[in-house]
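Everything on this sheet refers to the single structure shown next.
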Amino acid sequence: MRAENLQAGAALALILATGLIPDLAGSDYWSYSFQFANLLIVAAVLQSVLMHDADQISFGQGAIFGVGAYVSALAMTKLGLPLPLAVICAAAGAGLAGLLYAIPALRVQGYYLGFVTLSLAAVFPELLFAMDAYTNGINGISTPAGAWKQPLLLGLSPLSLFTTALACAAIVGHVLLRRSVVGRKIRVAGASPESAQTLGIRPGLVRSAVFVVTSACTGAAGALYPPIVGFVSPAAFHLELSILLFLAVVVGGRGQILGPVAGIYLLYLLPNVLLVDLIDYRLLAYGLVALGVMLLMPDGLVGTVGQWLSKRRVAAVAHLSPDELPIPPAARRADIAGPEISIRGGTKTFGAVVALDQVDLDIERGAIIGLVGANGSGKTSLINAITGFNKLSGGSIAIRGRATDRMSPAGIARLGIGRTFQTPRIFDHLTAWENIQIGAEARLRPLAAIPEGPLARLRDRLAGSDVRTIPHGQRRSIEVLRAVLTGAEVLLLDEPAAGLSPEERQQLATLLLRLRDEAGKTILLVEHDLDLVWRIADRIVVMERGRIVAQGAPADVADDPAVRQLFAVPAHA
Amino acid sequence: MLEELAFVSVRGLGLGALFALLALSLNVIYQATHILNFAQGSMLVLGGLAGVMLSGHDYGTPIWFAGMLGTGLVMAAVMAVQGVITLWPLRHSTEQQSWLITTLAVSIIISAVLLLTQGPWSSEFIGEVPSFPVLDMRTPLPYLVLPLMAVFWFVALRLFLRRSLQGLALSALSQDLDAAAAAGLHVRRLQIAAFAISGLITGTAGYAAAPIISISAESGIRYVISGFVVAVVGGMGSMAGAIVAGPLVGILAMIATYRFGGQYQGFVSLIVLAGMLFLKPNGLFGFTAARRV
């Protein structure tokens, strides 16, 4: 948080100084250079939001910028609109173009999306040629800046003020987005789509919305290009511009607030201003700088320098044990007859592999059900089926009598089904407290007020903690608490005790019992620690090769000869 | 009508074979490393440049073949070096997508060097290009050579990957990197070998295609996109898919060029790519991967 504030301060100081001083000094050349640099900074900040916050790869932001520039040029010359209205048109046009990225983003991710955006950016100049009736082909459109370049006060032109304000707004907006609920949801949807779904977020929708919104904003920045440069032509919006924006973020340092500013200065300003005689070497410089940075300082300029500076301060190790987790009081709700979850004939096949084979299971309200079995016996498959991550090949699942076969994982989560994962989904770029907070922000179900005391103590302790300092076993506690805070009535816990010390296991057992008794939660516990399961479960279900081979009270199951064959059941049960 | 059909299908097949060769070479690296080499198109252009420079020798003669072999070996070495550079950050960085940037950077560097040494124009093949008749139309020989070459490399790769010890080890990498490492395979060495094999394929393909393709600083990125489109349509990592999808995409692209003009070739690739990703993201021959949770 403190580092972020520092970076934002530095970025604002740089933008204000470079945006305003050239006008005050009366240097047209520097005014022009920094107006343009500030526009690129806006586009690079938006690229950073896409790349780091939303975890989306786009190699095509230059084309979106170009759409903004062309729409604004057309709006001003053909329709005779004033610049502010042209900016609005450009934002709308670029937002629409962003849909071309957003629609594939619903389905595909990563480098696939990179290639789609790359090919769009590659055909954009060709598209401009093809539509020469409007775009005037290779000659482009001439756009006089008019009064926007005339000094207003102390030599400051409206255009300089406008671009400086826009760049400052981008930096401030980025910081505020990071600290907002929406920003955290975007980050969760990007970093772990599965985890997002358990929080009721639809990751595809979030990704698409981010593409459209960042595109509209990039377009608004592009709208200022025609008045600054004086004309638009296809040559300005080649793939090179898209790659400049992408590399600026990488070279500056991914996820760093100051990163886009540093990247644009290094990749655009330096070659274009200092090496102006060596303009032919610019492309070579991009490539060499990007390669050098990736090999020598993978965290980018700002990231690497930041690490040097923070190395002296030893990060405080946060500690979180299961017995510190606050317990919400039981939610008062009308009693519904029947089990919470009921599965009939549940079958799931992957090719020839049968993961679930005719599973019939009822999970009654307010009970702890222990689900045990060897690795590969279908335990996690069952959780995935209940939560909608894998659709059943046959049979059906009902939650409180409502069939969920056609519901999305996010929709099922909103029915109050929470889960944790075998590998905890912890987000390194959120603080320890934010990792918990995202559960409460999901508000899947109305949650009775959690006792403020313990929660506030936890918040005070974890608010500034880097989640990377928390040992692996305790990360599970974060995920459990996150699920509890969503207000989920059913918790499906996938091996919550793995990696915990014996003492922590005892605390976990106490926590689960309290969640059942005080909060009235229903818990399905998948666990290899049979001692733990036999100690706290009301009922035990044993799976083997996708089938349920035994279920019943712990003592009865322990005596079942079929179960005794599978594993050594704890003797004291 | 018949002539149009013959023109489009013969040239489309040739172009498609080139795309298939690119997809094969992308797939070799993808299988061994799960990396997509953005510089593959630039490598093809380098192979093509070698073809242009050695174009004094008649196309199809033994000397020409020797030139092709030499180009293939040089490109194998070049790409082995690229492999070392690309895999380097993965050794000690948790940032697993560094390859996106390093391969893109290599592609930019090659383009920039071409721009500085060759200028922005396309290098022309000067030597004599033999041709063969298709319904009274003279068709340059490369349109015949490229499909043969695609089949040759497909069969050679298949034999290598299924029969030889090294090839089997590479196949093991494509199944499970961690298990392969645990089984004592020299993962890094095998991955660099995959880059080299990919360079061999791309280098010879560029060399053979030199008379009929545009060899300029900025054409690299278009080739890698075409190769990727074919790889996706065929199913990422599937060699058979690449061989089948290549001609399909090539003929579609040729129809677009013939009907609407060359500038629409990019659109067609884009539409095919977007359509395929939307309808069947795993491609024609891809496997349905179970979702990991």
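Residues are named by chain letter and number: chains run A, B, ... in the order of the structure tokens, numbers start at 1 in each chain, and ligands are numbered from 1 in the order shown.
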
(Q) Report as a ChimeraX atom specification all protein, DNA and RNA residues lying within 12 Å of Gly72 (chain B), evaluated on only C-alpha atoms, omitting residues in the same chain fewer than 3 positions from it. (A) /B:43-44,46-48,50-51,65-69,75-79,196-208

File dump, residues just selected, C-alpha atoms, as a PDB file, in the first residue's frame:
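Output contents, as saved in result_17.pdb:
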ATOM      1  CA  MET B  43      12.580 -17.929 -38.916  1.00  0.00           C
ATOM      2  CA  LEU B  44      10.661 -18.901 -42.055  1.00  0.00           C
ATOM      3  CA  LEU B  46      15.237 -16.184 -42.765  1.00  0.00           C
ATOM      4  CA  GLY B  47      15.000 -19.551 -44.528  1.00  0.00           C
ATOM      5  CA  GLY B  48      13.366 -17.792 -47.463  1.00  0.00           C
ATOM      6  CA  ALA B  50      18.674 -18.000 -47.779  1.00  0.00           C
ATOM      7  CA  GLY B  51      16.661 -19.347 -50.716  1.00  0.00           C
ATOM      8  CA  PHE B  65      19.096 -29.486 -52.574  1.00  0.00           C
ATOM      9  CA  ALA B  66      22.495 -29.062 -50.946  1.00  0.00           C
ATOM     10  CA  GLY B  67      21.599 -25.421 -50.290  1.00  0.00           C
ATOM     11  CA  MET B  68      18.344 -26.523 -48.688  1.00  0.00           C
ATOM     12  CA  LEU B  69      20.126 -28.994 -46.423  1.00  0.00           C
ATOM     13  CA  MET B  75      18.371 -22.644 -39.039  1.00  0.00           C
ATOM     14  CA  ALA B  76      18.416 -25.618 -36.643  1.00  0.00           C
ATOM     15  CA  ALA B  77      21.454 -24.076 -34.967  1.00  0.00           C
ATOM     16  CA  VAL B  78      19.849 -20.607 -34.910  1.00  0.00           C
ATOM     17  CA  MET B  79      16.718 -21.965 -33.304  1.00  0.00           C
ATOM     18  CA  ALA B 196      16.488 -27.367 -33.407  1.00  0.00           C
ATOM     19  CA  ILE B 197      14.167 -29.831 -35.163  1.00  0.00           C
ATOM     20  CA  SER B 198      11.638 -27.045 -35.535  1.00  0.00           C
ATOM     21  CA  GLY B 199      14.356 -24.876 -37.105  1.00  0.00           C
ATOM     22  CA  LEU B 200      15.235 -27.668 -39.533  1.00  0.00           C
ATOM     23  CA  ILE B 201      11.605 -27.863 -40.711  1.00  0.00           C
ATOM     24  CA  THR B 202      11.037 -24.105 -40.893  1.00  0.00           C
ATOM     25  CA  GLY B 203      14.394 -23.420 -42.565  1.00  0.00           C
ATOM     26  CA  THR B 204      13.881 -25.957 -45.341  1.00  0.00           C
ATOM     27  CA  ALA B 205      10.266 -24.848 -45.813  1.00  0.00           C
ATOM     28  CA  GLY B 206      11.262 -21.195 -46.162  1.00  0.00           C
ATOM     29  CA  TYR B 207      14.057 -22.128 -48.554  1.00  0.00           C
ATOM     30  CA  ALA B 208      11.759 -24.166 -50.781  1.00  0.00           C
TER      31      ALA B 208
END

Closest pair table for chain A residues within 8 Å of chain B, only C-alpha atoms, as JSON lines:
{"residue": "A:Pro104", "atom": "CA", "partner": "B:Phe278", "partner_atom": "CA", "distance": 6.7}
{"residue": "A:Arg107", "atom": "CA", "partner": "B:Phe278", "partner_atom": "CA", "distance": 6.4}
{"residue": "A:Val108", "atom": "CA", "partner": "B:Leu277", "partner_atom": "CA", "distance": 7.0}
{"residue": "A:Tyr111", "atom": "CA", "partner": "B:Leu100", "partner_atom": "CA", "distance": 7.9}
{"residue": "A:Phe115", "atom": "CA", "partner": "B:Ile225", "partner_atom": "CA", "distance": 7.0}
{"residue": "A:Val116", "atom": "CA", "partner": "B:Ala274", "partner_atom": "CA", "distance": 6.9}
{"residue": "A:Ser119", "atom": "CA", "partner": "B:Leu270", "partner_atom": "CA", "distance": 6.3}
{"residue": "A:Leu120", "atom": "CA", "partner": "B:Leu270", "partner_atom": "CA", "distance": 7.1}
{"residue": "A:Ala122", "atom": "CA", "partner": "B:Arg222", "partner_atom": "CA", "distance": 7.7}
{"residue": "A:Val123", "atom": "CA", "partner": "B:Gly266", "partner_atom": "CA", "distance": 6.0}
{"residue": "A:Glu126", "atom": "CA", "partner": "B:Gln263", "partner_atom": "CA", "distance": 6.3}
{"residue": "A:Ala130", "atom": "CA", "partner": "B:Gln263", "partner_atom": "CA", "distance": 8.0}
{"residue": "A:Glu194", "atom": "CA", "partner": "B:Val293", "partner_atom": "CA", "distance": 7.1}
{"residue": "A:Leu247", "atom": "CA", "partner": "B:Ile101", "partner_atom": "CA", "distance": 7.8}
{"residue": "A:Asp280", "atom": "CA", "partner": "B:Leu116", "partner_atom": "CA", "distance": 7.0}
{"residue": "A:Tyr281", "atom": "CA", "partner": "B:Ala112", "partner_atom": "CA", "distance": 7.3}
{"residue": "A:Leu283", "atom": "CA", "partner": "B:Ala112", "partner_atom": "CA", "distance": 5.5}
{"residue": "A:Leu284", "atom": "CA", "partner": "B:Ala112", "partner_atom": "CA", "distance": 5.0}
{"residue": "A:Tyr286", "atom": "CA", "partner": "B:Ile108", "partner_atom": "CA", "distance": 7.6}
{"residue": "A:Gly287", "atom": "CA", "partner": "B:Ala105", "partner_atom": "CA", "distance": 4.5}
{"residue": "A:Leu288", "atom": "CA", "partner": "B:Ile109", "partner_atom": "CA", "distance": 6.7}
{"residue": "A:Ala290", "atom": "CA", "partner": "B:Ala105", "partner_atom": "CA", "distance": 6.1}
{"residue": "A:Leu291", "atom": "CA", "partner": "B:Thr102", "partner_atom": "CA", "distance": 5.5}
{"residue": "A:Met294", "atom": "CA", "partner": "B:Ser98", "partner_atom": "CA", "distance": 6.8}
{"residue": "A:Leu295", "atom": "CA", "partner": "B:Pro89", "partner_atom": "CA", "distance": 5.8}
{"residue": "A:Pro298", "atom": "CA", "partner": "B:Ser93", "partner_atom": "CA", "distance": 7.3}
{"residue": "A:Phe350", "atom": "CA", "partner": "B:Ala290", "partner_atom": "CA", "distance": 7.1}
{"residue": "A:Asn384", "atom": "CA", "partner": "B:Val293", "partner_atom": "CA", "distance": 7.7}
{"residue": "A:Phe389", "atom": "CA", "partner": "B:Val293", "partner_atom": "CA", "distance": 7.9}
{"residue": "A:Asn390", "atom": "CA", "partner": "B:Arg291", "partner_atom": "CA", "distance": 7.6}
{"residue": "A:Phe421", "atom": "CA", "partner": "B:Val293", "partner_atom": "CA", "distance": 7.2}

Go ahead and save the picked residues with C-alpha atoms, as a compact mmCIF listing (two decimals), in the first residue's frame.
# COMPACT_ATOMS: atom_id res chain seq x y z
CA PRO A 104 -13.32 -14.56 -27.88
CA ARG A 107 -14.21 -18.78 -24.48
CA VAL A 108 -10.44 -18.65 -24.69
CA TYR A 111 -1.84 -17.10 -25.69
CA PHE A 115 -3.03 -14.59 -31.12
CA VAL A 116 -6.60 -13.43 -31.79
CA SER A 119 -4.16 -10.97 -35.82
CA LEU A 120 -6.79 -8.26 -35.33
CA ALA A 122 -2.21 -7.00 -37.85
CA VAL A 123 -5.24 -6.60 -40.14
CA GLU A 126 -5.44 -3.28 -44.06
CA ALA A 130 -10.12 -1.32 -47.55
CA GLU A 194 -12.43 -21.52 -10.50
CA LEU A 247 6.28 -4.26 -24.00
CA ASP A 280 15.76 3.13 -38.08
CA TYR A 281 17.17 1.41 -35.02
CA LEU A 283 12.47 -1.38 -33.67
CA LEU A 284 15.76 -3.09 -32.87
CA TYR A 286 12.40 -2.38 -28.61
CA GLY A 287 13.38 -5.97 -29.19
CA LEU A 288 16.75 -5.79 -27.46
CA ALA A 290 12.50 -6.29 -24.01
CA LEU A 291 14.76 -9.33 -24.31
CA MET A 294 13.17 -10.34 -19.48
CA LEU A 295 16.50 -12.12 -19.08
CA PRO A 298 12.10 -10.41 -15.05
CA PHE A 350 -13.91 -38.91 -18.80
CA ASN A 384 -16.68 -30.82 -8.68
CA PHE A 389 -17.36 -27.48 -12.26
CA ASN A 390 -17.92 -30.78 -14.01
CA PHE A 421 -9.66 -26.52 -3.23

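Put simply, CA of Pro454 (chain A) is 23.0 Å away from CA of Pro424 (chain A).
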
Once DSSP has gone over the backbone, tell me which residues of region 188-409 of chain A are in strand (DSSP E), as an mmCIF file with N, CA and C atoms, in the first residue's frame.
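Output contents, as saved in selection_27.cif:
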data_model
loop_
_atom_site.group_PDB
_atom_site.id
_atom_site.type_symbol
_atom_site.label_atom_id
_atom_site.label_comp_id
_atom_site.auth_asym_id
_atom_site.auth_seq_id
_atom_site.Cartn_x
_atom_site.Cartn_y
_atom_site.Cartn_z
ATOM 1 N N PHE A 231 -2.907 14.843 -38.150
ATOM 2 C CA PHE A 231 -3.526 13.970 -39.152
ATOM 3 C C PHE A 231 -3.483 12.529 -38.660
ATOM 4 N N VAL A 232 -4.345 11.689 -39.237
ATOM 5 C CA VAL A 232 -4.273 10.253 -38.946
ATOM 6 C C VAL A 232 -4.032 9.514 -40.254
ATOM 7 N N ILE A 341 -28.352 -31.381 0.080
ATOM 8 C CA ILE A 341 -27.926 -31.813 -1.248
ATOM 9 C C ILE A 341 -28.325 -33.255 -1.427
ATOM 10 N N SER A 342 -28.880 -33.559 -2.591
ATOM 11 C CA SER A 342 -29.237 -34.940 -2.824
ATOM 12 C C SER A 342 -28.825 -35.338 -4.240
ATOM 13 N N ILE A 343 -28.069 -36.431 -4.316
ATOM 14 C CA ILE A 343 -27.529 -36.893 -5.601
ATOM 15 C C ILE A 343 -28.155 -38.236 -5.913
ATOM 16 N N ARG A 344 -28.635 -38.382 -7.135
ATOM 17 C CA ARG A 344 -29.253 -39.646 -7.545
ATOM 18 C C ARG A 344 -28.617 -40.148 -8.827
ATOM 19 N N GLY A 345 -28.041 -41.351 -8.749
ATOM 20 C CA GLY A 345 -27.472 -41.984 -9.952
ATOM 21 C C GLY A 345 -26.364 -41.165 -10.583
ATOM 22 N N GLY A 346 -25.642 -40.410 -9.755
ATOM 23 C CA GLY A 346 -24.602 -39.523 -10.292
ATOM 24 C C GLY A 346 -23.482 -40.293 -10.981
ATOM 25 N N THR A 347 -23.287 -40.039 -12.265
ATOM 26 C CA THR A 347 -22.245 -40.730 -13.029
ATOM 27 C C THR A 347 -21.448 -39.694 -13.801
ATOM 28 N N LYS A 348 -20.129 -39.846 -13.771
ATOM 29 C CA LYS A 348 -19.279 -38.937 -14.546
ATOM 30 C C LYS A 348 -18.188 -39.749 -15.212
ATOM 31 N N THR A 349 -18.106 -39.655 -16.521
ATOM 32 C CA THR A 349 -17.045 -40.364 -17.227
ATOM 33 C C THR A 349 -16.163 -39.366 -17.961
ATOM 34 N N PHE A 350 -14.853 -39.647 -17.965
ATOM 35 C CA PHE A 350 -13.908 -38.907 -18.805
ATOM 36 C C PHE A 350 -13.386 -39.919 -19.815
ATOM 37 N N VAL A 353 -12.637 -43.513 -18.623
ATOM 38 C CA VAL A 353 -12.475 -43.515 -17.168
ATOM 39 C C VAL A 353 -13.794 -43.145 -16.497
ATOM 40 N N VAL A 354 -14.227 -43.992 -15.577
ATOM 41 C CA VAL A 354 -15.452 -43.688 -14.848
ATOM 42 C C VAL A 354 -15.057 -43.078 -13.504
ATOM 43 N N ALA A 355 -15.277 -41.763 -13.355
ATOM 44 C CA ALA A 355 -14.874 -41.075 -12.129
ATOM 45 C C ALA A 355 -15.943 -41.226 -11.060
ATOM 46 N N LEU A 356 -17.213 -41.174 -11.475
ATOM 47 C CA LEU A 356 -18.319 -41.377 -10.554
ATOM 48 C C LEU A 356 -19.243 -42.411 -11.177
ATOM 49 N N ASP A 357 -19.637 -43.379 -10.367
ATOM 50 C CA ASP A 357 -20.405 -44.489 -10.920
ATOM 51 C C ASP A 357 -21.683 -44.662 -10.093
ATOM 52 N N GLN A 358 -22.787 -44.182 -10.621
ATOM 53 C CA GLN A 358 -24.099 -44.382 -9.971
ATOM 54 C C GLN A 358 -24.085 -43.995 -8.489
ATOM 55 N N VAL A 359 -23.692 -42.778 -8.204
ATOM 56 C CA VAL A 359 -23.609 -42.361 -6.810
ATOM 57 C C VAL A 359 -24.964 -41.859 -6.315
ATOM 58 N N ASP A 360 -25.452 -42.437 -5.237
ATOM 59 C CA ASP A 360 -26.641 -41.929 -4.552
ATOM 60 C C ASP A 360 -26.204 -41.415 -3.196
ATOM 61 N N LEU A 361 -26.473 -40.151 -2.910
ATOM 62 C CA LEU A 361 -26.006 -39.597 -1.635
ATOM 63 C C LEU A 361 -26.913 -38.462 -1.202
ATOM 64 N N ASP A 362 -27.275 -38.473 0.067
ATOM 65 C CA ASP A 362 -27.995 -37.344 0.651
ATOM 66 C C ASP A 362 -27.102 -36.693 1.694
ATOM 67 N N ILE A 363 -27.027 -35.372 1.648
ATOM 68 C CA ILE A 363 -26.262 -34.660 2.671
ATOM 69 C C ILE A 363 -27.255 -33.885 3.512
ATOM 70 N N ILE A 368 -21.840 -33.019 9.793
ATOM 71 C CA ILE A 368 -20.524 -33.125 9.170
ATOM 72 C C ILE A 368 -20.448 -34.509 8.539
ATOM 73 N N ILE A 369 -20.299 -34.537 7.224
ATOM 74 C CA ILE A 369 -20.187 -35.805 6.512
ATOM 75 C C ILE A 369 -18.725 -35.984 6.153
ATOM 76 N N GLY A 370 -18.134 -37.081 6.569
ATOM 77 C CA GLY A 370 -16.752 -37.360 6.197
ATOM 78 C C GLY A 370 -16.730 -38.203 4.936
ATOM 79 N N LEU A 371 -15.982 -37.741 3.925
ATOM 80 C CA LEU A 371 -15.898 -38.490 2.675
ATOM 81 C C LEU A 371 -14.474 -39.006 2.552
ATOM 82 N N VAL A 372 -14.322 -40.337 2.606
ATOM 83 C CA VAL A 372 -12.969 -40.895 2.573
ATOM 84 C C VAL A 372 -12.842 -41.897 1.432
ATOM 85 N N GLY A 394 -24.441 -38.570 -16.252
ATOM 86 C CA GLY A 394 -25.750 -39.168 -16.029
ATOM 87 C C GLY A 394 -26.191 -38.920 -14.598
ATOM 88 N N GLY A 395 -27.487 -39.027 -14.323
ATOM 89 C CA GLY A 395 -27.981 -38.802 -12.978
ATOM 90 C C GLY A 395 -28.247 -37.334 -12.730
ATOM 91 N N SER A 396 -28.602 -37.015 -11.480
ATOM 92 C CA SER A 396 -28.962 -35.632 -11.211
ATOM 93 C C SER A 396 -28.570 -35.226 -9.796
ATOM 94 N N ILE A 397 -28.433 -33.915 -9.615
ATOM 95 C CA ILE A 397 -28.108 -33.362 -8.309
ATOM 96 C C ILE A 397 -29.143 -32.298 -7.996
ATOM 97 N N ALA A 398 -29.641 -32.305 -6.761
ATOM 98 C CA ALA A 398 -30.572 -31.265 -6.352
ATOM 99 C C ALA A 398 -30.057 -30.614 -5.080
ATOM 100 N N ILE A 399 -30.157 -29.276 -5.023
ATOM 101 C CA ILE A 399 -29.789 -28.563 -3.816
ATOM 102 C C ILE A 399 -31.061 -27.991 -3.218
ATOM 103 N N ARG A 402 -33.856 -28.331 -5.515
ATOM 104 C CA ARG A 402 -33.794 -27.631 -6.793
ATOM 105 C C ARG A 402 -32.710 -28.259 -7.680
ATOM 106 N N ALA A 403 -33.106 -28.719 -8.864
ATOM 107 C CA ALA A 403 -32.144 -29.376 -9.761
ATOM 108 C C ALA A 403 -31.107 -28.365 -10.227
#

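Around Leu170 (chain B), within 8 Å and counting only C-alpha atoms, the residues found are Gln31, Ala32, Leu161, Leu190, Gln191 and Ala194 of chain B, once anything fewer than 5 positions away on its own chain is removed.
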
Write the residues of the selection above to a file with C-alpha atoms, as a PDB file, in the first residue's frame.
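Contents of the output file out-v3.pdb:
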ATOM      1  CA  GLN B  31       4.736 -30.509 -27.426  1.00  0.00           C
ATOM      2  CA  ALA B  32       8.125 -30.375 -25.741  1.00  0.00           C
ATOM      3  CA  LEU B 161       8.740 -39.557 -32.437  1.00  0.00           C
ATOM      4  CA  LEU B 190      15.458 -32.437 -25.191  1.00  0.00           C
ATOM      5  CA  GLN B 191      13.582 -29.145 -25.328  1.00  0.00           C
ATOM      6  CA  ALA B 194      12.912 -29.717 -30.204  1.00  0.00           C
TER       7      ALA B 194
END

Q) Can you tell me, as JSON, numbers by chain, what residues are no more than 7 Å from region 60-75 of chain A when counting only C-alpha atoms, ignoring any on the same chain fewer than 4 positions away? A) {"A": [79, 80, 81, 86, 87, 89, 90, 91, 93, 94, 97, 117, 118, 120, 121, 124, 143, 215, 218, 219, 220, 222, 223, 224, 225, 226, 232, 237, 239, 241, 242]}

**Q.** All residues 12 Å or closer to Phe132 (chain B), only C-alpha atoms, same chain fewer than 2 positions away omitted, as a list of chain:residue names
**A.**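 So the residues in contact are B:Val10, B:Val129, B:Pro130, B:Val134, B:Leu135, B:Asp136, B:Met137, B:Arg138, B:Thr139, B:Pro140, B:Leu141, B:Pro142, B:Tyr143, B:Leu144, B:Val145.
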
Selection file, N, CA and C atoms, as a short mmCIF file (atom, residue, chain, number, x, y, z; two decimals), in the first residue's frame:
data_model
loop_
_atom_site.label_atom_id
_atom_site.label_comp_id
_atom_site.auth_asym_id
_atom_site.auth_seq_id
_atom_site.Cartn_x
_atom_site.Cartn_y
_atom_site.Cartn_z
N VAL B 10 -4.85 -25.86 -56.61
CA VAL B 10 -3.42 -26.17 -56.68
C VAL B 10 -2.62 -25.17 -55.85
N VAL B 129 12.66 -20.21 -62.05
CA VAL B 129 11.81 -21.14 -61.32
C VAL B 129 11.10 -22.04 -62.32
N PRO B 130 11.39 -23.34 -62.29
CA PRO B 130 10.69 -24.23 -63.22
C PRO B 130 9.20 -24.27 -62.89
N VAL B 134 -0.89 -26.99 -65.24
CA VAL B 134 -2.15 -27.47 -64.69
C VAL B 134 -3.24 -26.88 -65.58
N LEU B 135 -3.87 -27.69 -66.39
CA LEU B 135 -4.92 -27.22 -67.32
C LEU B 135 -4.44 -26.00 -68.11
N ASP B 136 -3.30 -26.14 -68.76
CA ASP B 136 -2.76 -25.07 -69.61
C ASP B 136 -2.20 -23.89 -68.84
N MET B 137 -2.24 -23.95 -67.50
CA MET B 137 -1.68 -22.83 -66.75
C MET B 137 -0.31 -23.24 -66.23
N ARG B 138 0.66 -22.35 -66.35
CA ARG B 138 1.97 -22.64 -65.81
C ARG B 138 1.92 -22.39 -64.30
N THR B 139 2.26 -23.39 -63.54
CA THR B 139 2.26 -23.24 -62.09
C THR B 139 3.69 -23.43 -61.59
N PRO B 140 4.21 -22.48 -60.84
CA PRO B 140 5.59 -22.61 -60.36
C PRO B 140 5.78 -23.89 -59.55
N LEU B 141 6.94 -24.49 -59.71
CA LEU B 141 7.23 -25.78 -59.07
C LEU B 141 7.06 -25.78 -57.54
N PRO B 142 7.38 -24.68 -56.85
CA PRO B 142 7.22 -24.72 -55.38
C PRO B 142 5.83 -25.15 -54.92
N TYR B 143 4.80 -24.86 -55.73
CA TYR B 143 3.45 -25.28 -55.33
C TYR B 143 3.33 -26.79 -55.28
N LEU B 144 4.24 -27.49 -55.99
CA LEU B 144 4.24 -28.94 -55.94
C LEU B 144 5.22 -29.44 -54.86
N VAL B 145 6.34 -28.70 -54.75
CA VAL B 145 7.39 -29.13 -53.82
C VAL B 145 6.89 -29.04 -52.37
#

Non-local contacts of Leu508 (chain A) (10 Å; only C-alpha atoms; under 3 positions in same chain excluded) as a short mmCIF file (atom, residue, chain, number, x, y, z; two decimals) with N, CA and C atoms, in the first residue's frame:
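Listed below is the output, around.cif:
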data_model
loop_
_atom_site.label_atom_id
_atom_site.label_comp_id
_atom_site.auth_asym_id
_atom_site.auth_seq_id
_atom_site.Cartn_x
_atom_site.Cartn_y
_atom_site.Cartn_z
N SER A 321 -4.07 -19.26 12.71
CA SER A 321 -4.39 -20.64 13.05
C SER A 321 -5.90 -20.82 13.05
N PRO A 322 -6.35 -22.05 12.83
CA PRO A 322 -7.78 -22.28 12.66
C PRO A 322 -8.63 -21.79 13.83
N ASP A 323 -8.09 -21.82 15.06
CA ASP A 323 -8.97 -21.46 16.18
C ASP A 323 -9.18 -19.96 16.31
N LEU A 325 -10.32 -18.24 13.77
CA LEU A 325 -11.32 -17.84 12.80
C LEU A 325 -12.65 -17.57 13.48
N SER A 477 -6.53 -22.12 6.02
CA SER A 477 -7.42 -21.43 6.94
C SER A 477 -8.01 -20.19 6.26
N PRO A 496 -8.79 -30.21 4.01
CA PRO A 496 -8.40 -29.00 4.73
C PRO A 496 -7.26 -29.23 5.72
N ALA A 497 -7.00 -30.47 6.11
CA ALA A 497 -5.99 -30.70 7.14
C ALA A 497 -4.60 -30.96 6.56
N LEU A 500 -1.15 -29.38 7.85
CA LEU A 500 -1.27 -28.75 9.17
C LEU A 500 -0.51 -29.57 10.21
N PRO A 502 -0.03 -31.25 14.03
CA PRO A 502 -1.02 -31.95 14.87
C PRO A 502 -1.84 -30.96 15.71
N GLU A 503 -1.18 -29.94 16.20
CA GLU A 503 -1.89 -28.96 17.02
C GLU A 503 -2.94 -28.22 16.20
N GLU A 504 -2.52 -27.84 14.96
CA GLU A 504 -3.45 -27.13 14.08
C GLU A 504 -4.61 -28.03 13.65
N ARG A 505 -4.32 -29.34 13.56
CA ARG A 505 -5.40 -30.26 13.20
C ARG A 505 -6.47 -30.27 14.30
N LEU A 511 -12.80 -26.03 15.12
CA LEU A 511 -13.43 -25.05 14.25
C LEU A 511 -14.61 -25.67 13.50
N LEU A 512 -14.41 -26.86 12.95
CA LEU A 512 -15.47 -27.47 12.15
C LEU A 512 -16.67 -27.82 13.04
N LEU A 513 -16.38 -28.31 14.26
CA LEU A 513 -17.48 -28.63 15.18
C LEU A 513 -18.26 -27.37 15.55
N ARG A 514 -17.52 -26.27 15.76
CA ARG A 514 -18.21 -25.02 16.11
C ARG A 514 -19.03 -24.50 14.93
N LEU A 532 -8.97 -37.73 12.27
CA LEU A 532 -9.74 -36.49 12.33
C LEU A 532 -11.18 -36.75 11.89
#

Q: Select, from B:Ser123, B:Gln175, B:Thr117, B:Ser9, the residue with the minimum atom-to-atom distance to Ala210 (chain B), counting only C-alpha atoms.
A: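 Nearest to Ala210 (chain B): B:Ser123.
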
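Between Asp517 (chain A) and the candidates A:Ala17, A:Ala558, A:Ala367, A:Leu491, the tightest atom-to-atom separation, counting only C-alpha atoms, involves A:Ala367.
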
Q. Which residues in region 535-567 of chain A does DSSP call alpha helix (DSSP H)? List them as JSON, numbers by chain.
A. {"A": [535, 536, 554, 555, 556, 557, 558, 559, 561, 562, 563, 564, 565, 566]}
